[in-house]
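The structure appears right after this line, and notes come after that.
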Amino acid sequence: MIPLHAREIRGNWATLILPVNEDESIDLARLAAEIDLLVALKVDGIYSNGTAGEFYNQTEREFDAVNALLAEKCNKAGMPFQVGCSHMSPQISLERLKRSLAWEPSAVQVILPDWFPPSMDEIVAYLRVMQQAAGPVPLVLYNPPHAKKRLTPADFKAIREAGITLAGCKLPGGDEAWYREMLGLNPELSVFIPGHHLATGVQRGAHGAYSNVACLHPGVAQQWYNTMLVDMPAALELEGRIQQFMTEHIVPYITQQGYSNQAVDKLLAAVGGWADVGTRLRWPYRWVPEKEVPAVKQACRKLLPEFFK
């Protein structure tokens, strides 16, 4: 696999969603089938061990098994892929990154240390070691809304000026002023945002999404991104309905019932029905019961018929 430069990290990237058995084990057979489907749907890329991959809740042996399987299938198919080396512990994240190089990923993803909010000096020290370990493999920084340290556009500029070369980042996005600042200060970065804001984001200069919309259906999410390149008004109209569905039928699971982001990612996959991954999360997190799926699917069909053709 050839490492991807920042200008090549674009479009609709689909996450691996972790299939969990009743005994808490990872179902590698279902995971293999999921990867085959993602390859067949011709998404722009696949990444492992994001939030829906439950990276925080895997043993190191499981981490190796999941990513070796992804690498084998993607390298055989010529599919770009990124290995999520994230962990709350910087030591474990570093060791994951070192082991991932043997799989020849297109890039690797990391988060910032997450027990105590790191200072900028500590962030630079952390990323410098990670960059040195990665060598020629590009480094992507995932800085989600719930991170202990939320980075600003100026922070990314400071990281670059300290000698750290990030290829890309995954961020919550923002308004027009945020995009002007982020892209103006960091023109070399591939800036990815949440999937349900992708059309507006692309219109403002974002480069793609590590996409929650791809959880609902990666193939339709890919078609939507492709539409953005040729018919932005149509893409924006669909975005409006996607956001309405999320606001009315998905977000309340988080804000009113206290489910985690990874729980609703798996719910989306169950609603879309494109892969057999189930809604179960690993202990101690609660998952949305399967009995909830039909009602949410009915609402989704009404608002987003494109996802069920």
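Here, A, B, ... name the chains of the structure tokens in the order displayed, residue numbers run from 1 inside each chain, and ligands are numbered from 1 in the same displayed order.
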Near Lys170 (chain A), counting only C-alpha atoms, which residues have an atom at most 10 Å away, once you skip same-chain residues fewer than 5 positions from it, shown as a PyMOL selection string?
-> chain A and resi 109+111+140-144+190-194+208-210
Give me a file of those residues, with all heavy atoms, as a CSV table (one decimal), in the first residue's frame.
chain,number,residue,atom,x,y,z
A,109,GLN,N,-4.2,6.7,12.5
A,109,GLN,CA,-4.9,7.7,13.3
A,109,GLN,C,-4.5,7.5,14.7
A,109,GLN,O,-4.4,6.4,15.2
A,109,GLN,CB,-6.4,7.5,13.1
A,109,GLN,CG,-6.9,7.7,11.7
A,109,GLN,CD,-8.5,7.6,11.7
A,109,GLN,OE1,-9.1,7.6,12.7
A,109,GLN,NE2,-9.0,7.5,10.5
A,111,ILE,N,-5.3,9.6,18.8
A,111,ILE,CA,-5.9,10.7,19.6
A,111,ILE,C,-4.9,11.2,20.5
A,111,ILE,O,-3.8,10.7,20.7
A,111,ILE,CB,-7.1,10.1,20.4
A,111,ILE,CG1,-6.7,9.0,21.3
A,111,ILE,CG2,-8.3,9.7,19.5
A,111,ILE,CD1,-7.8,8.6,22.4
A,140,VAL,N,-2.7,11.0,11.1
A,140,VAL,CA,-4.0,11.7,11.2
A,140,VAL,C,-4.4,11.8,12.6
A,140,VAL,O,-4.4,10.8,13.4
A,140,VAL,CB,-5.0,10.9,10.4
A,140,VAL,CG1,-6.4,11.6,10.6
A,140,VAL,CG2,-4.7,10.9,8.9
A,141,LEU,N,-4.8,13.0,13.0
A,141,LEU,CA,-5.2,13.3,14.4
A,141,LEU,C,-6.7,13.4,14.6
A,141,LEU,O,-7.3,14.2,13.9
A,141,LEU,CB,-4.5,14.6,14.9
A,141,LEU,CG,-4.8,15.0,16.4
A,141,LEU,CD1,-4.4,13.9,17.4
A,141,LEU,CD2,-4.2,16.3,16.7
A,142,TYR,N,-7.2,12.5,15.4
A,142,TYR,CA,-8.7,12.5,15.7
A,142,TYR,C,-8.9,13.3,17.0
A,142,TYR,O,-8.5,12.9,18.0
A,142,TYR,CB,-9.1,11.1,15.8
A,142,TYR,CG,-10.6,10.8,16.1
A,142,TYR,CD1,-11.6,11.8,15.9
A,142,TYR,CD2,-11.0,9.6,16.7
A,142,TYR,CE1,-12.9,11.5,16.2
A,142,TYR,CE2,-12.3,9.4,17.0
A,142,TYR,CZ,-13.3,10.3,16.7
A,142,TYR,OH,-14.6,10.1,17.0
A,143,ASN,N,-9.6,14.4,16.8
A,143,ASN,CA,-9.9,15.3,18.0
A,143,ASN,C,-11.4,15.5,18.1
A,143,ASN,O,-11.9,16.5,17.7
A,143,ASN,CB,-9.1,16.6,17.8
A,143,ASN,CG,-9.1,17.5,19.1
A,143,ASN,OD1,-9.4,18.7,19.0
A,143,ASN,ND2,-8.8,16.9,20.2
A,144,PRO,N,-12.1,14.5,18.7
A,144,PRO,CA,-13.6,14.6,18.8
A,144,PRO,C,-14.1,15.6,19.7
A,144,PRO,O,-13.3,16.1,20.6
A,144,PRO,CB,-13.9,13.2,19.2
A,144,PRO,CG,-12.8,12.7,20.0
A,144,PRO,CD,-11.5,13.4,19.4
A,190,SER,N,-5.5,17.8,5.4
A,190,SER,CA,-6.8,17.2,5.0
A,190,SER,C,-7.7,17.3,6.2
A,190,SER,O,-7.5,16.7,7.2
A,190,SER,CB,-6.6,15.7,4.6
A,190,SER,OG,-7.8,15.1,4.4
A,191,VAL,N,-8.8,18.1,6.0
A,191,VAL,CA,-9.7,18.4,7.1
A,191,VAL,C,-11.0,17.6,6.9
A,191,VAL,O,-11.7,17.8,6.0
A,191,VAL,CB,-10.0,19.9,7.2
A,191,VAL,CG1,-11.0,20.1,8.3
A,191,VAL,CG2,-8.7,20.7,7.5
A,192,PHE,N,-11.2,16.6,7.9
A,192,PHE,CA,-12.4,15.8,7.8
A,192,PHE,C,-13.4,16.2,8.9
A,192,PHE,O,-12.9,16.6,10.0
A,192,PHE,CB,-12.1,14.3,7.9
A,192,PHE,CG,-11.8,13.6,6.6
A,192,PHE,CD1,-11.0,14.3,5.7
A,192,PHE,CD2,-12.2,12.4,6.3
A,192,PHE,CE1,-10.7,13.6,4.5
A,192,PHE,CE2,-12.0,11.8,5.1
A,192,PHE,CZ,-11.2,12.4,4.2
A,193,ILE,N,-14.7,16.1,8.7
A,193,ILE,CA,-15.7,16.5,9.6
A,193,ILE,C,-16.7,15.4,9.8
A,193,ILE,O,-16.7,14.4,9.1
A,193,ILE,CB,-16.3,17.8,9.1
A,193,ILE,CG1,-17.0,17.6,7.7
A,193,ILE,CG2,-15.3,19.0,9.1
A,193,ILE,CD1,-17.9,18.7,7.3
A,194,PRO,N,-17.7,15.6,10.7
A,194,PRO,CA,-18.8,14.6,10.8
A,194,PRO,C,-19.6,14.4,9.5
A,194,PRO,O,-19.8,15.4,8.8
A,194,PRO,CB,-19.7,15.1,11.9
A,194,PRO,CG,-18.7,16.0,12.7
A,194,PRO,CD,-17.8,16.6,11.8
A,208,GLY,N,-13.5,15.9,3.4
A,208,GLY,CA,-14.2,14.6,3.5
A,208,GLY,C,-14.7,14.3,4.9
A,208,GLY,O,-14.7,15.2,5.8
A,209,ALA,N,-15.1,13.1,5.1
A,209,ALA,CA,-15.7,12.7,6.4
A,209,ALA,C,-15.3,11.2,6.8
A,209,ALA,O,-15.3,10.4,5.9
A,209,ALA,CB,-17.2,12.8,6.5
A,210,TYR,N,-14.8,11.0,8.0
A,210,TYR,CA,-14.8,9.7,8.6
A,210,TYR,C,-16.2,9.5,9.1
A,210,TYR,O,-16.5,9.9,10.2
A,210,TYR,CB,-13.7,9.6,9.7
A,210,TYR,CG,-12.3,9.9,9.1
A,210,TYR,CD1,-11.6,11.0,9.5
A,210,TYR,CD2,-11.8,9.0,8.2
A,210,TYR,CE1,-10.4,11.3,9.0
A,210,TYR,CE2,-10.5,9.3,7.7
A,210,TYR,CZ,-9.8,10.4,8.1
A,210,TYR,OH,-8.5,10.6,7.6
List the spatial neighbours of Phe245 (chain A) as a tab-separated table (two decimals) with N, CA and C atoms, in the first residue's frame - criterion: any atom at most 8 Å away, only C-alpha atoms, same-chain residues fewer than 2 positions off excluded.
chain	number	residue	atom	x	y	z
A	241	ARG	N	-32.27	16.63	5.02
A	241	ARG	CA	-33.10	15.53	5.49
A	241	ARG	C	-32.31	14.58	6.39
A	242	ILE	N	-31.02	14.41	6.08
A	242	ILE	CA	-30.16	13.59	6.96
A	242	ILE	C	-30.09	14.22	8.35
A	243	GLN	N	-29.90	15.52	8.40
A	243	GLN	CA	-29.81	16.20	9.69
A	243	GLN	C	-31.15	16.16	10.43
A	247	THR	N	-31.46	14.57	14.07
A	247	THR	CA	-31.96	15.41	15.17
A	247	THR	C	-33.20	14.81	15.82
A	248	GLU	N	-34.11	14.32	15.01
A	248	GLU	CA	-35.39	13.85	15.54
A	248	GLU	C	-35.35	12.41	16.05
A	249	HIS	N	-34.50	11.56	15.46
A	249	HIS	CA	-34.61	10.13	15.75
A	249	HIS	C	-33.34	9.49	16.30
A	250	ILE	N	-32.19	10.17	16.21
A	250	ILE	CA	-30.95	9.58	16.71
A	250	ILE	C	-30.40	10.34	17.91
A	299	ALA	N	-39.00	5.48	10.40
A	299	ALA	CA	-38.81	6.93	10.31
A	299	ALA	C	-37.76	7.28	9.28
A	300	CYS	N	-36.70	6.47	9.22
A	300	CYS	CA	-35.63	6.72	8.25
A	300	CYS	C	-36.12	6.51	6.82
A	303	LEU	N	-38.02	9.66	5.73
A	303	LEU	CA	-37.23	10.85	5.47
A	303	LEU	C	-36.14	10.62	4.44
A	304	LEU	N	-35.59	9.41	4.40
A	304	LEU	CA	-34.41	9.13	3.58
A	304	LEU	C	-34.62	7.86	2.75
Would you please give, as a PyMOL selection string, all residues of region 53-179 of chain A that DSSP assigns to alpha helix (DSSP H) based on the backbone?
-> chain A and resi 60-77+90-100+120-134+153-161+176-179
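Put simply, CA of Ala154 (chain A) is 27.2 Å away from CA of Asn261 (chain A).
Summary of the local environment: counting only C-alpha atoms, residues at most 9 Å from Ile17 (chain A), other than itself and those fewer than 5 positions away along its chain, are Leu31, Glu34, Ser48, Asn49, Gly50, Thr51, Ala52, Gly53, Glu54, Cys215, Gln262, Asp265, Lys266, Ala269 and Val277 of chain A.
Nearest residue to Val296 (chain A) among A:Trp283, A:Leu28, A:Val264, A:Leu185 is A:Val264, counting only C-alpha atoms.
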Might you pull out every residue within 9 Å of Met130 (chain A), with only C-alpha atoms counted and same-chain residues fewer than 5 positions away left off, and present them as number ranges by chain?
-> A: 93-94, 97-98, 110, 125, 135, 139
Write a file of the just-selected residues containing all heavy atoms, as an mmCIF file, in the first residue's frame.
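Heads up, here's the output in out.cif:
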data_model
loop_
_atom_site.group_PDB
_atom_site.id
_atom_site.type_symbol
_atom_site.label_atom_id
_atom_site.label_comp_id
_atom_site.auth_asym_id
_atom_site.auth_seq_id
_atom_site.Cartn_x
_atom_site.Cartn_y
_atom_site.Cartn_z
ATOM 1 N N SER A 93 -0.827 3.476 22.765
ATOM 2 C CA SER A 93 -1.032 4.017 21.421
ATOM 3 C C SER A 93 0.256 3.942 20.606
ATOM 4 O O SER A 93 0.239 3.579 19.414
ATOM 5 C CB SER A 93 -1.526 5.459 21.511
ATOM 6 O OG SER A 93 -1.943 5.927 20.249
ATOM 7 N N LEU A 94 1.366 4.261 21.225
ATOM 8 C CA LEU A 94 2.657 4.206 20.532
ATOM 9 C C LEU A 94 2.986 2.780 20.104
ATOM 10 O O LEU A 94 3.432 2.547 18.974
ATOM 11 C CB LEU A 94 3.755 4.754 21.441
ATOM 12 C CG LEU A 94 5.188 4.681 20.899
ATOM 13 C CD1 LEU A 94 5.329 5.455 19.601
ATOM 14 C CD2 LEU A 94 6.178 5.197 21.945
ATOM 15 N N LEU A 97 0.870 1.794 17.196
ATOM 16 C CA LEU A 97 1.349 2.420 15.959
ATOM 17 C C LEU A 97 2.551 1.650 15.406
ATOM 18 O O LEU A 97 2.615 1.363 14.201
ATOM 19 C CB LEU A 97 1.720 3.877 16.228
ATOM 20 C CG LEU A 97 2.026 4.752 15.007
ATOM 21 C CD1 LEU A 97 1.757 6.218 15.313
ATOM 22 C CD2 LEU A 97 3.482 4.597 14.567
ATOM 23 N N LYS A 98 3.492 1.314 16.261
ATOM 24 C CA LYS A 98 4.685 0.601 15.796
ATOM 25 C C LYS A 98 4.306 -0.724 15.144
ATOM 26 O O LYS A 98 4.826 -1.076 14.077
ATOM 27 C CB LYS A 98 5.639 0.361 16.970
ATOM 28 C CG LYS A 98 6.330 1.617 17.486
ATOM 29 C CD LYS A 98 7.184 1.280 18.704
ATOM 30 C CE LYS A 98 7.921 2.503 19.242
ATOM 31 N NZ LYS A 98 8.695 2.191 20.464
ATOM 32 N N VAL A 110 -4.449 8.694 15.396
ATOM 33 C CA VAL A 110 -4.213 8.712 16.839
ATOM 34 C C VAL A 110 -5.108 9.769 17.475
ATOM 35 O O VAL A 110 -5.606 10.675 16.805
ATOM 36 C CB VAL A 110 -2.734 9.017 17.183
ATOM 37 C CG1 VAL A 110 -1.817 7.931 16.643
ATOM 38 C CG2 VAL A 110 -2.313 10.390 16.664
ATOM 39 N N ALA A 125 5.211 17.178 22.242
ATOM 40 C CA ALA A 125 6.120 16.093 22.623
ATOM 41 C C ALA A 125 5.525 14.736 22.255
ATOM 42 O O ALA A 125 6.238 13.830 21.775
ATOM 43 C CB ALA A 125 6.402 16.167 24.124
ATOM 44 N N GLY A 135 7.343 7.127 10.796
ATOM 45 C CA GLY A 135 8.229 7.215 9.642
ATOM 46 C C GLY A 135 7.517 7.779 8.436
ATOM 47 O O GLY A 135 6.899 8.850 8.510
ATOM 48 N N LEU A 139 0.318 10.642 9.409
ATOM 49 C CA LEU A 139 -0.318 10.669 10.724
ATOM 50 C C LEU A 139 -1.572 11.533 10.653
ATOM 51 O O LEU A 139 -1.541 12.669 10.165
ATOM 52 C CB LEU A 139 0.665 11.253 11.734
ATOM 53 C CG LEU A 139 0.442 11.023 13.226
ATOM 54 C CD1 LEU A 139 0.469 9.543 13.568
ATOM 55 C CD2 LEU A 139 1.503 11.779 14.028
#
Enumerate the residues of region 66-186 of chain A with a DSSP assignment of strand (DSSP E), computed from the backbone, and present them as a compact mmCIF listing (two decimals) with all heavy atoms, in the first residue's frame.
# COMPACT_ATOMS: atom_id res chain seq x y z
N PHE A 81 -6.65 2.28 3.32
CA PHE A 81 -7.15 2.05 4.67
C PHE A 81 -6.23 2.74 5.68
O PHE A 81 -5.04 2.92 5.44
CB PHE A 81 -7.29 0.56 4.98
CG PHE A 81 -5.97 -0.18 5.18
CD1 PHE A 81 -5.51 -0.46 6.46
CD2 PHE A 81 -5.22 -0.60 4.10
CE1 PHE A 81 -4.31 -1.16 6.65
CE2 PHE A 81 -4.03 -1.29 4.27
CZ PHE A 81 -3.58 -1.56 5.55
N GLN A 82 -6.84 3.12 6.78
CA GLN A 82 -6.11 3.71 7.89
C GLN A 82 -6.33 2.86 9.13
O GLN A 82 -7.45 2.41 9.39
CB GLN A 82 -6.60 5.14 8.16
CG GLN A 82 -6.37 6.09 7.00
CD GLN A 82 -6.80 7.51 7.31
OE1 GLN A 82 -6.81 7.93 8.46
NE2 GLN A 82 -7.15 8.25 6.28
N VAL A 83 -5.25 2.66 9.88
CA VAL A 83 -5.33 1.92 11.12
C VAL A 83 -5.47 2.90 12.27
O VAL A 83 -4.63 3.79 12.44
CB VAL A 83 -4.09 1.03 11.33
CG1 VAL A 83 -4.10 0.41 12.74
CG2 VAL A 83 -4.04 -0.06 10.27
N GLY A 84 -6.52 2.75 13.06
CA GLY A 84 -6.69 3.56 14.25
C GLY A 84 -5.83 3.01 15.37
O GLY A 84 -6.10 1.93 15.91
N ALA A 107 -2.39 5.33 6.11
CA ALA A 107 -2.14 6.32 7.15
C ALA A 107 -2.51 5.67 8.48
O ALA A 107 -3.11 4.59 8.52
CB ALA A 107 -2.97 7.59 6.93
N VAL A 108 -2.11 6.32 9.57
CA VAL A 108 -2.50 5.86 10.90
C VAL A 108 -3.18 7.01 11.63
O VAL A 108 -2.85 8.17 11.43
CB VAL A 108 -1.30 5.34 11.72
CG1 VAL A 108 -0.76 4.05 11.13
CG2 VAL A 108 -0.20 6.39 11.80
N GLN A 109 -4.15 6.66 12.47
CA GLN A 109 -4.88 7.65 13.25
C GLN A 109 -4.52 7.53 14.73
O GLN A 109 -4.36 6.43 15.24
CB GLN A 109 -6.40 7.46 13.11
CG GLN A 109 -6.94 7.73 11.73
CD GLN A 109 -8.47 7.59 11.69
OE1 GLN A 109 -9.14 7.57 12.72
NE2 GLN A 109 -9.02 7.52 10.49
N VAL A 110 -4.45 8.69 15.40
CA VAL A 110 -4.21 8.71 16.84
C VAL A 110 -5.11 9.77 17.48
O VAL A 110 -5.61 10.68 16.81
CB VAL A 110 -2.73 9.02 17.18
CG1 VAL A 110 -1.82 7.93 16.64
CG2 VAL A 110 -2.31 10.39 16.66
N LEU A 139 0.32 10.64 9.41
CA LEU A 139 -0.32 10.67 10.72
C LEU A 139 -1.57 11.53 10.65
O LEU A 139 -1.54 12.67 10.17
CB LEU A 139 0.67 11.25 11.73
CG LEU A 139 0.44 11.02 13.23
CD1 LEU A 139 0.47 9.54 13.57
CD2 LEU A 139 1.50 11.78 14.03
N VAL A 140 -2.69 10.99 11.14
CA VAL A 140 -3.96 11.70 11.18
C VAL A 140 -4.39 11.82 12.64
O VAL A 140 -4.37 10.83 13.38
CB VAL A 140 -5.04 10.94 10.38
CG1 VAL A 140 -6.42 11.58 10.55
CG2 VAL A 140 -4.67 10.89 8.89
N LEU A 141 -4.78 13.02 13.05
CA LEU A 141 -5.16 13.28 14.44
C LEU A 141 -6.67 13.37 14.55
O LEU A 141 -7.32 14.18 13.89
CB LEU A 141 -4.52 14.57 14.93
CG LEU A 141 -4.84 14.97 16.38
CD1 LEU A 141 -4.40 13.89 17.36
CD2 LEU A 141 -4.17 16.30 16.72
N TYR A 142 -7.23 12.53 15.40
CA TYR A 142 -8.67 12.51 15.68
C TYR A 142 -8.90 13.29 16.96
O TYR A 142 -8.46 12.89 18.04
CB TYR A 142 -9.12 11.05 15.81
CG TYR A 142 -10.58 10.83 16.14
CD1 TYR A 142 -11.56 11.77 15.86
CD2 TYR A 142 -10.99 9.63 16.71
CE1 TYR A 142 -12.90 11.54 16.15
CE2 TYR A 142 -12.32 9.38 17.01
CZ TYR A 142 -13.27 10.34 16.74
OH TYR A 142 -14.59 10.10 17.03
N GLY A 168 -3.60 14.82 8.20
CA GLY A 168 -5.01 15.13 8.28
C GLY A 168 -5.51 15.16 9.70
O GLY A 168 -4.78 14.88 10.66
N CYS A 169 -6.79 15.50 9.83
CA CYS A 169 -7.42 15.58 11.13
C CYS A 169 -8.90 15.29 10.98
O CYS A 169 -9.48 15.48 9.91
CB CYS A 169 -7.20 16.95 11.78
SG CYS A 169 -7.73 18.33 10.76
N LYS A 170 -9.50 14.81 12.06
CA LYS A 170 -10.95 14.65 12.13
C LYS A 170 -11.45 15.56 13.24
O LYS A 170 -11.06 15.40 14.40
CB LYS A 170 -11.35 13.22 12.41
CG LYS A 170 -12.87 13.05 12.52
CD LYS A 170 -13.26 11.63 12.89
CE LYS A 170 -14.78 11.52 13.02
NZ LYS A 170 -15.22 10.16 13.41
Could you name the residues that touch Ala221 (chain A) at 10 Å or less, counting only C-alpha atoms, but leaving out those on the same chain fewer than 3 positions away, as a list in words?
-> Gly11, Asn12, Trp13, Ala14, Val43, Gly195, His196, Leu198, Ala209, Ser211, Asn212, Val213, Ala214, Cys215, Leu216, His217, Pro218, Trp224, Tyr225, Asn226, Thr227, Glu306 and Phe307 of chain A
Rounded to one decimal in Å, what is the spacing between CA of Val39 (chain A) and CA of Leu70 (chain A)?
->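 Going from CA of Val39 (chain A) over to CA of Leu70 (chain A), I get 10.4 Å.
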Near Glu95 (chain A), counting only C-alpha atoms, which residues have an atom at most 12 Å away, once you skip same-chain residues fewer than 3 positions from it, shown as a ChimeraX atom specification?
-> /A:60,63-64,85-87,89-92,98-101,110,129-130,133-134
With only C-alpha atoms as the atoms that count, which of A:Leu16, A:Leu229, A:Ala270, A:Leu4 lies nearest to Val66 (chain A)?
-> A:Leu16
Quick one: of A:Met182, A:Ile123, A:Leu281, A:Val202, who's nearest to Ile159 (chain A), counting only C-alpha atoms?
->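 Of A:Met182, A:Ile123, A:Leu281, A:Val202, the one nearest Ile159 (chain A) is A:Ile123, counting only C-alpha atoms.
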Name the closest residue to Lys42 (chain A) among the candidates A:Gly205, A:Gly163, A:Pro3, A:Gly219; distances are taken between atoms, counting only C-alpha atoms.
->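 Among A:Gly205, A:Gly163, A:Pro3, A:Gly219, it is A:Gly219 that comes nearest to Lys42 (chain A).
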Could you pull the residues within 12 Å of Ala77 (chain A), counting only C-alpha atoms, minus those fewer than 2 positions along the same chain, as a PyMOL selection string?
-> chain A and resi 1+35-40+42+45-46+70-75+79-81
